[in-house]
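What follows is a set of notes on a single structure, which appears directly below.
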Amino acid sequence: LNYFAMTFGTQSRLRKEALGKMEEVMAKEHELLSLGGQAAAAAHSLGTPLSTIKIITRDLVKQFNGKSEIEKDIKLLSSQVDRCNEILKRLTLNPEEDDFIDKDLNMKDYLIEIISSFNEISKKEFILIDDQYSNRKKITKSLEIIYGLRNFIGNANKFSNKKIQIILLSDSKETEITIKDDGPGFPKDLIDKARLGEPYIRTNDDKNFSKHGLGLGTFIGKTLLERNFAKISFHNSSLGGAEVQIKWKNNDLKKIN
């Protein structure tokens, strides 16, 4: 009995280490995918490690057959690998294809275009408040800014009940965008520990557990915008839901190319 206990303990430890290593690899892959112009190169490089992860997950499913909780997590991991492969396939075929915004715009026009794209697929109310916005200088088209803003506005659309409020303001030094929604807000256990923006996090709040993912959307949006000189902060808003505040120094916006 002691021998079998030691054997099973060792195997369990090795499997935990293997799963930990896989999570680290996936986190690094998501960081690479967020690097804008290097996406095509990343797509070619990541094919082999993703295939390796897929093979390992199949073996783990067989080893943990009958243990429903562990088996469910491994199957989820396998499905996410498939999803990554689909994304990489699209990037490989069309690494620079993006006709959503095809010219340089000022920040207000960026937001109008993004909001319009959500109005086509969502019945929720988007309110843009820009009466204190005066910085009309055009910004060089940046896929990272477009996708970063779309990520956060998309999250607000996903979790809101009826209303998404986007406040755009500027002065002689800074430009600021605040995205608010009237949904459940950020989970208290994550916002209190300042963990928002990290990948692979889950709330312990039973009420919100099924509604929230692993934080990858927030992580990617934050990474893309910070690469373009933005500072991001997270709060729970006056509307009762989540609030994301994005700030740039006007001089930094001139550096984007």
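Starting from 1 in every chain, residues are counted up; chains themselves are A, B, ... following the order of the structure tokens, and ligands are numbered from 1 as listed.
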Contacts of Asn157 of chain A at 12 Å or less, counting only C-alpha atoms, minus same-chain residues fewer than 3 places along, as a count of residues only? 31
Best match for closeness to Phe219 of chain A among A:Asn135, A:Lys173, A:Lys108, A:Ile232, counting only C-alpha atoms: A:Ile232
Of the candidates A:Asp59, A:Glu69, A:Asp252, A:Asp189, which shows the shortest atom-to-atom distance to Phe229 of chain A, using only C-alpha atoms? A:Asp252
Provide the atom CA of Gly185 of chain A to atom CA of Tyr133 of chain A distance in Å, to one decimal place.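 According to the coordinates, atom CA of Gly185 of chain A and atom CA of Tyr133 of chain A are separated by 26.4 Å.
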Nearest to Gly221 of chain A: which of A:Ile139, A:Leu149, A:Leu60, A:Ile167 is it, counting only C-alpha atoms?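 Of all the options, A:Leu149 lies closest to Gly221 of chain A.
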Give me every strand (DSSP E or B) residue in segment 55-242 of chain A, going by DSSP on the backbone, as a tab-separated table (two decimals) with N, CA and C atoms, in the first residue's frame.
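Here's the written file selection31.tsv:
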chain	number	residue	atom	x	y	z
A	105	LEU	N	-7.31	58.23	-38.44
A	105	LEU	CA	-8.47	58.93	-37.88
A	105	LEU	C	-8.10	59.53	-36.54
A	125	GLU	N	-27.66	49.60	-25.99
A	125	GLU	CA	-27.51	51.03	-26.26
A	125	GLU	C	-26.07	51.47	-26.01
A	126	PHE	N	-25.44	52.03	-27.03
A	126	PHE	CA	-24.08	52.57	-26.91
A	126	PHE	C	-24.18	54.10	-26.89
A	127	ILE	N	-23.63	54.71	-25.84
A	127	ILE	CA	-23.69	56.16	-25.70
A	127	ILE	C	-22.27	56.71	-25.70
A	128	LEU	N	-21.96	57.56	-26.68
A	128	LEU	CA	-20.64	58.20	-26.76
A	128	LEU	C	-20.77	59.64	-26.27
A	129	ILE	N	-20.03	59.98	-25.22
A	129	ILE	CA	-20.03	61.33	-24.66
A	129	ILE	C	-18.68	61.97	-24.98
A	130	ASP	N	-18.69	63.01	-25.81
A	130	ASP	CA	-17.43	63.59	-26.27
A	130	ASP	C	-17.42	65.12	-26.21
A	131	ASP	N	-18.29	65.69	-25.35
A	131	ASP	CA	-18.39	67.16	-25.29
A	131	ASP	C	-17.15	67.82	-24.69
A	132	GLN	N	-16.27	67.02	-24.06
A	132	GLN	CA	-15.02	67.58	-23.53
A	132	GLN	C	-13.80	67.06	-24.28
A	139	ILE	N	-4.53	60.00	-35.76
A	139	ILE	CA	-3.55	59.03	-35.27
A	139	ILE	C	-3.26	58.06	-36.40
A	163	LYS	N	-26.96	48.93	-21.37
A	163	LYS	CA	-26.32	50.19	-21.72
A	163	LYS	C	-24.80	50.13	-21.60
A	164	ILE	N	-24.12	50.71	-22.60
A	164	ILE	CA	-22.67	50.89	-22.56
A	164	ILE	C	-22.39	52.37	-22.77
A	165	GLN	N	-21.64	52.95	-21.88
A	165	GLN	CA	-21.32	54.38	-21.95
A	165	GLN	C	-19.83	54.55	-22.19
A	166	ILE	N	-19.49	55.34	-23.22
A	166	ILE	CA	-18.09	55.57	-23.57
A	166	ILE	C	-17.83	57.07	-23.50
A	167	ILE	N	-16.96	57.47	-22.61
A	167	ILE	CA	-16.68	58.89	-22.38
A	167	ILE	C	-15.30	59.21	-22.93
A	168	LEU	N	-15.24	60.16	-23.84
A	168	LEU	CA	-13.98	60.58	-24.46
A	168	LEU	C	-13.73	62.03	-24.08
A	169	LEU	N	-12.56	62.28	-23.48
A	169	LEU	CA	-12.23	63.66	-23.13
A	169	LEU	C	-10.74	63.89	-23.31
A	170	SER	N	-10.38	65.15	-23.44
A	170	SER	CA	-8.96	65.50	-23.61
A	170	SER	C	-8.72	66.92	-23.14
A	174	GLU	N	-3.43	65.37	-22.08
A	174	GLU	CA	-3.84	63.96	-22.09
A	174	GLU	C	-5.13	63.73	-22.87
A	175	THR	N	-5.29	62.50	-23.34
A	175	THR	CA	-6.54	62.02	-23.93
A	175	THR	C	-6.97	60.79	-23.15
A	176	GLU	N	-8.26	60.72	-22.82
A	176	GLU	CA	-8.75	59.65	-21.95
A	176	GLU	C	-10.05	59.06	-22.48
A	177	ILE	N	-10.13	57.73	-22.44
A	177	ILE	CA	-11.36	57.03	-22.79
A	177	ILE	C	-11.80	56.21	-21.59
A	178	THR	N	-13.07	56.35	-21.20
A	178	THR	CA	-13.63	55.55	-20.12
A	178	THR	C	-14.79	54.74	-20.68
A	179	ILE	N	-14.75	53.43	-20.48
A	179	ILE	CA	-15.78	52.52	-20.98
A	179	ILE	C	-16.52	51.95	-19.77
A	180	LYS	N	-17.84	52.23	-19.68
A	180	LYS	CA	-18.65	51.77	-18.54
A	180	LYS	C	-19.80	50.92	-19.05
A	181	ASP	N	-20.23	49.98	-18.23
A	181	ASP	CA	-21.43	49.21	-18.56
A	181	ASP	C	-22.29	49.05	-17.32
A	231	LYS	N	-2.12	53.89	-20.52
A	231	LYS	CA	-2.17	53.41	-19.14
A	231	LYS	C	-3.60	52.98	-18.85
A	232	ILE	N	-3.76	51.75	-18.31
A	232	ILE	CA	-5.08	51.16	-18.12
A	232	ILE	C	-5.36	51.00	-16.63
A	233	SER	N	-6.59	51.33	-16.22
A	233	SER	CA	-7.00	51.06	-14.84
A	233	SER	C	-8.42	50.50	-14.85
A	234	PHE	N	-8.75	49.69	-13.84
A	234	PHE	CA	-10.03	49.01	-13.76
A	234	PHE	C	-10.76	49.39	-12.48
A	235	HIS	N	-12.06	49.63	-12.60
A	235	HIS	CA	-12.89	49.99	-11.44
A	235	HIS	C	-14.27	49.37	-11.65
A	236	ASN	N	-15.10	49.47	-10.62
A	236	ASN	CA	-16.52	49.20	-10.80
A	236	ASN	C	-17.23	50.54	-10.91
A	242	ALA	N	-18.85	47.33	-14.83
A	242	ALA	CA	-17.40	47.48	-14.90
A	242	ALA	C	-17.04	48.82	-15.55
Taking 5 positions as the minimum chain separation for residues in the same chain, which residues sit within 10 Å of Ser51 of chain A when counting only C-alpha atoms? Answer as a list in words. Leu46, Ile56, Thr57, Val81, Asp82 and Asn85 of chain A
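Computed from the coordinates, the atom CA of Ile74 of chain A to atom CA of Arg13 of chain A distance equals 16.1 Å.
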For a test of reading the model, state the distance in Å between atom CA of Lys247 of chain A and atom CA of Ser116 of chain A, rounded to one decimal. 22.3 Å
